[in-house]
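Q: Dumping the structure here so I can ask a few things about it.
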Amino acid sequence: MMRGALSGRTAIVTGAGRGIGGTASCALSRAGASVVLAAHDGLALEALAADISSAGGHAVAVPTDVTNPVSVRRLVEQTLGAFGRLDNAFNNAHVRGVSLAMKYEIPAMRRTGGGCIVNMAPTADTQAAVIELTRTAARDFADSGVRINAVATGPQCSAEDVANAVVWLCSGEASLVTGETVRVPMVCRCLRAEGAQGQAQYATKGCACMRRLLA
């Protein structure tokens with residue numbers, strides 16, 4: 001799905017050790033991005049990095065405490081040290097973790113002309129807070145070249161649904177989308193389609209099924 005759409009880009013994924021974060025990390029890698037994996041569990045990160053590398057991707061593991069500003073700053077610094085740039089980020093964390101991550105990701109992205117951040121808004125008790133944080137940040141940095149959106153999960157949502165939405169939001173096809181919330185599992189059929197017909201569907205700007213994803 002969308003192979004090569006993120007070629008040459010670097011992405012941070014927090015909460016990458018397992019579940020949604022791990023699935024999104026693999027999807028970003030398949031789309032061509034080099035992925036920096038961040039979570040508490042260093043062993044899980046190393047295992048995931050090995051899996052991505054064995055599939056032909058490029059990933060590094062950086063054990064991180066997203067509640068600690070020093071740890072989050074170090075994550076971004078190590079990303080820049082390893083790859084020289086930060087283009088995309090999927091912040092799969094609680095509200096404080098999302099806020100801290102953006103604090104350090106946004107300046108790093110601005111150094112190289114911009115980027116895209118996707119914040120995870122998973123459950124009812126934190127979803128509204130993450131969505132509001134996302135909208136506010138998108139508005140504050142609207143002229144910076146950094147797009148900021150959220151993904152909100154609902155019943156029957158799978159990790160693959162979230163990963164599809166994250167890759168789409170990070171891609172050039174969503175270049176005009178910022179401050180929005182994509183609701184999954186209503187993932188566009190075009191993202192799942194195979195072959196030339198599916199690619200042509202996906203490449204159509206403003207396709208109807210992607211419009212229905214936006215809150």
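Identifiers in the structure tokens: chain A, B, ... in order shown; residue index from 1 per chain; ligand index from 1 in order shown.
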Which of chain A end up as helix (DSSP H, G or I) when DSSP is run on this backbone - answer as a VMD selection string?
A: chain A and resid 19 to 30 42 to 54 69 to 83 95 to 111 124 to 140 159 to 170 172 to 174 189 to 192 195 to 203 208 to 211
Q: Would you pick out the contacts of stretch 159-170 of chain A at 6 Å or less, using only C-alpha atoms, so that residues sharing its chain but fewer than 3 positions from it are not included, and give the list as a list in words?
A: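 Answer for this query is Ile20, Ala24, Cys116, Ala174 and Pro185 of chain A.
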Q: Using Å and a single decimal, report how far atom CA of A:Thr112 sits from atom CA of A:Leu45.
A: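 Atom-to-atom, atom CA of A:Leu45 to atom CA of A:Thr112, that is 26.8 Å.
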Q: Tell me which of A:Arg74, A:His94, A:Arg147, A:Arg135 sits closest to A:Gly15, counting only C-alpha atoms.
A: A:His94
Q: Show which residues sit within 12 Å of A:Asp125, as a PyMOL selection string. Count only C-alpha atoms, and ignore same-chain residues fewer than 6 positions away.
A: chain A and resi 94-95+131+152
Q: Give the answer as one residue: which of A:Leu176, A:Val182, A:Ala129, A:Ile12 has the shortest atom-to-atom distance to A:Ala150, using only C-alpha atoms?
A: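 Using only C-alpha atoms, A:Ala150 sits closest to A:Val182.
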Q: Do you know which residues are at most 10 Å from A:Ala5 counting only C-alpha atoms, after dropping those on the same chain fewer than 3 positions away, and could you put them as a PyMOL selection string?
A: chain A and resi 1-2+8-9+28+30-33+167-168+170-173
Q: A:Ala61, A:Ser144, A:Met120, A:Thr153: which is nearest A:Ala82, counting only C-alpha atoms?
A: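 Closest candidate: A:Ala61.
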Q: Check the DSSP output for the backbone and give back, as a ChimeraX atom specification, the residues of stretch 9-91 of chain A in strand (DSSP E).
A: /A:10-14,34-39,59-63,88-91
Q: Export, as a CSV table (one decimal), in the first residue's frame, the selected residues with N, CA and C atoms.
A:
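selection.csv written:
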chain,number,residue,atom,x,y,z
A,10,THR,N,12.2,10.6,6.8
A,10,THR,CA,12.5,10.0,8.1
A,10,THR,C,11.3,10.2,9.0
A,11,ALA,N,10.8,9.2,9.7
A,11,ALA,CA,9.7,9.2,10.6
A,11,ALA,C,10.0,8.7,12.0
A,12,ILE,N,9.5,9.4,13.0
A,12,ILE,CA,9.5,9.0,14.4
A,12,ILE,C,8.2,8.3,14.7
A,13,VAL,N,8.2,7.2,15.4
A,13,VAL,CA,6.9,6.6,15.9
A,13,VAL,C,7.1,6.4,17.4
A,14,THR,N,6.3,7.0,18.2
A,14,THR,CA,6.3,6.8,19.6
A,14,THR,C,5.3,5.7,19.9
A,34,SER,N,12.5,5.9,6.4
A,34,SER,CA,13.4,5.4,7.5
A,34,SER,C,12.7,5.7,8.8
A,35,VAL,N,12.6,4.7,9.7
A,35,VAL,CA,11.7,4.8,10.9
A,35,VAL,C,12.6,4.8,12.2
A,36,VAL,N,12.3,5.7,13.0
A,36,VAL,CA,12.9,5.8,14.3
A,36,VAL,C,11.9,5.3,15.3
A,37,LEU,N,12.2,4.2,16.0
A,37,LEU,CA,11.2,3.5,16.9
A,37,LEU,C,11.4,3.9,18.3
A,38,ALA,N,10.4,4.4,19.0
A,38,ALA,CA,10.5,4.9,20.3
A,38,ALA,C,9.5,4.3,21.2
A,39,ALA,N,9.9,3.8,22.4
A,39,ALA,CA,9.0,3.3,23.4
A,39,ALA,C,9.9,3.0,24.6
A,59,ALA,N,15.4,0.9,10.0
A,59,ALA,CA,14.8,1.3,11.3
A,59,ALA,C,15.9,1.3,12.4
A,60,VAL,N,15.8,2.3,13.3
A,60,VAL,CA,16.6,2.3,14.5
A,60,VAL,C,15.8,2.4,15.7
A,61,ALA,N,16.2,1.8,16.8
A,61,ALA,CA,15.5,1.7,18.1
A,61,ALA,C,16.1,2.7,19.0
A,62,VAL,N,15.2,3.6,19.6
A,62,VAL,CA,15.6,4.6,20.6
A,62,VAL,C,14.7,4.5,21.8
A,63,PRO,N,15.1,3.7,22.9
A,63,PRO,CA,14.2,3.6,24.0
A,63,PRO,C,13.9,5.0,24.6
A,88,ASN,N,8.4,13.2,9.3
A,88,ASN,CA,7.1,12.7,9.7
A,88,ASN,C,7.2,12.2,11.1
A,89,ALA,N,6.1,12.2,11.8
A,89,ALA,CA,6.0,11.7,13.2
A,89,ALA,C,4.6,11.1,13.5
A,90,PHE,N,4.5,10.0,14.1
A,90,PHE,CA,3.3,9.4,14.5
A,90,PHE,C,3.4,9.3,16.1
A,91,ASN,N,2.7,10.2,16.7
A,91,ASN,CA,2.7,10.3,18.2
A,91,ASN,C,1.6,9.4,18.8
Q: Contacts of A:Val151 at 7 Å or less, counting only C-alpha atoms, minus same-chain residues fewer than 5 places along, as a list of chain:residue names?
A: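 Once the adjacent positions are removed, what remains is A:Val118, A:Asn119, A:Met120, A:Ala121, A:Thr181, A:Val182, A:Arg183.
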Q: Could the residues in this selection be saved with C-alpha atoms as a tab-separated table (two decimals), in the first residue's frame?
A:
chain	number	residue	atom	x	y	z
A	118	VAL	CA	-0.07	12.56	13.15
A	119	ASN	CA	-1.34	12.27	16.73
A	120	MET	CA	-3.15	9.20	17.99
A	121	ALA	CA	-6.48	9.91	19.73
A	181	THR	CA	-9.16	14.28	12.55
A	182	VAL	CA	-9.39	11.12	10.47
A	183	ARG	CA	-11.94	8.68	11.87
Q: List the neighbours of A:Thr178 out to 7 Å using only C-alpha atoms; skip same-chain residues closer than 6 positions along the sequence, and give me the result as a VMD selection string.
A: chain A and resid 138 147 to 149
Q: I want to know what sits within 7 Å of A:His40, based on only C-alpha atoms, with residues of the same chain fewer than 2 positions away left out; could you give that as number ranges by chain?
A: A: 42, 63-65
Q: Keeping N, CA and C atoms for every residue in the selection just given, could you write it to a file as a compact mmCIF listing (two decimals), in the first residue's frame?
A:
# COMPACT_ATOMS: atom_id res chain seq x y z
N GLY A 42 12.97 -1.44 25.28
CA GLY A 42 14.04 -1.48 24.30
C GLY A 42 14.14 -2.80 23.57
N PRO A 63 15.07 3.70 22.86
CA PRO A 63 14.23 3.63 24.04
C PRO A 63 13.95 5.04 24.59
N THR A 64 12.68 5.33 24.84
CA THR A 64 12.26 6.70 25.16
C THR A 64 11.15 6.69 26.20
N ASP A 65 11.23 7.64 27.12
CA ASP A 65 10.14 7.91 28.06
C ASP A 65 9.46 9.19 27.60
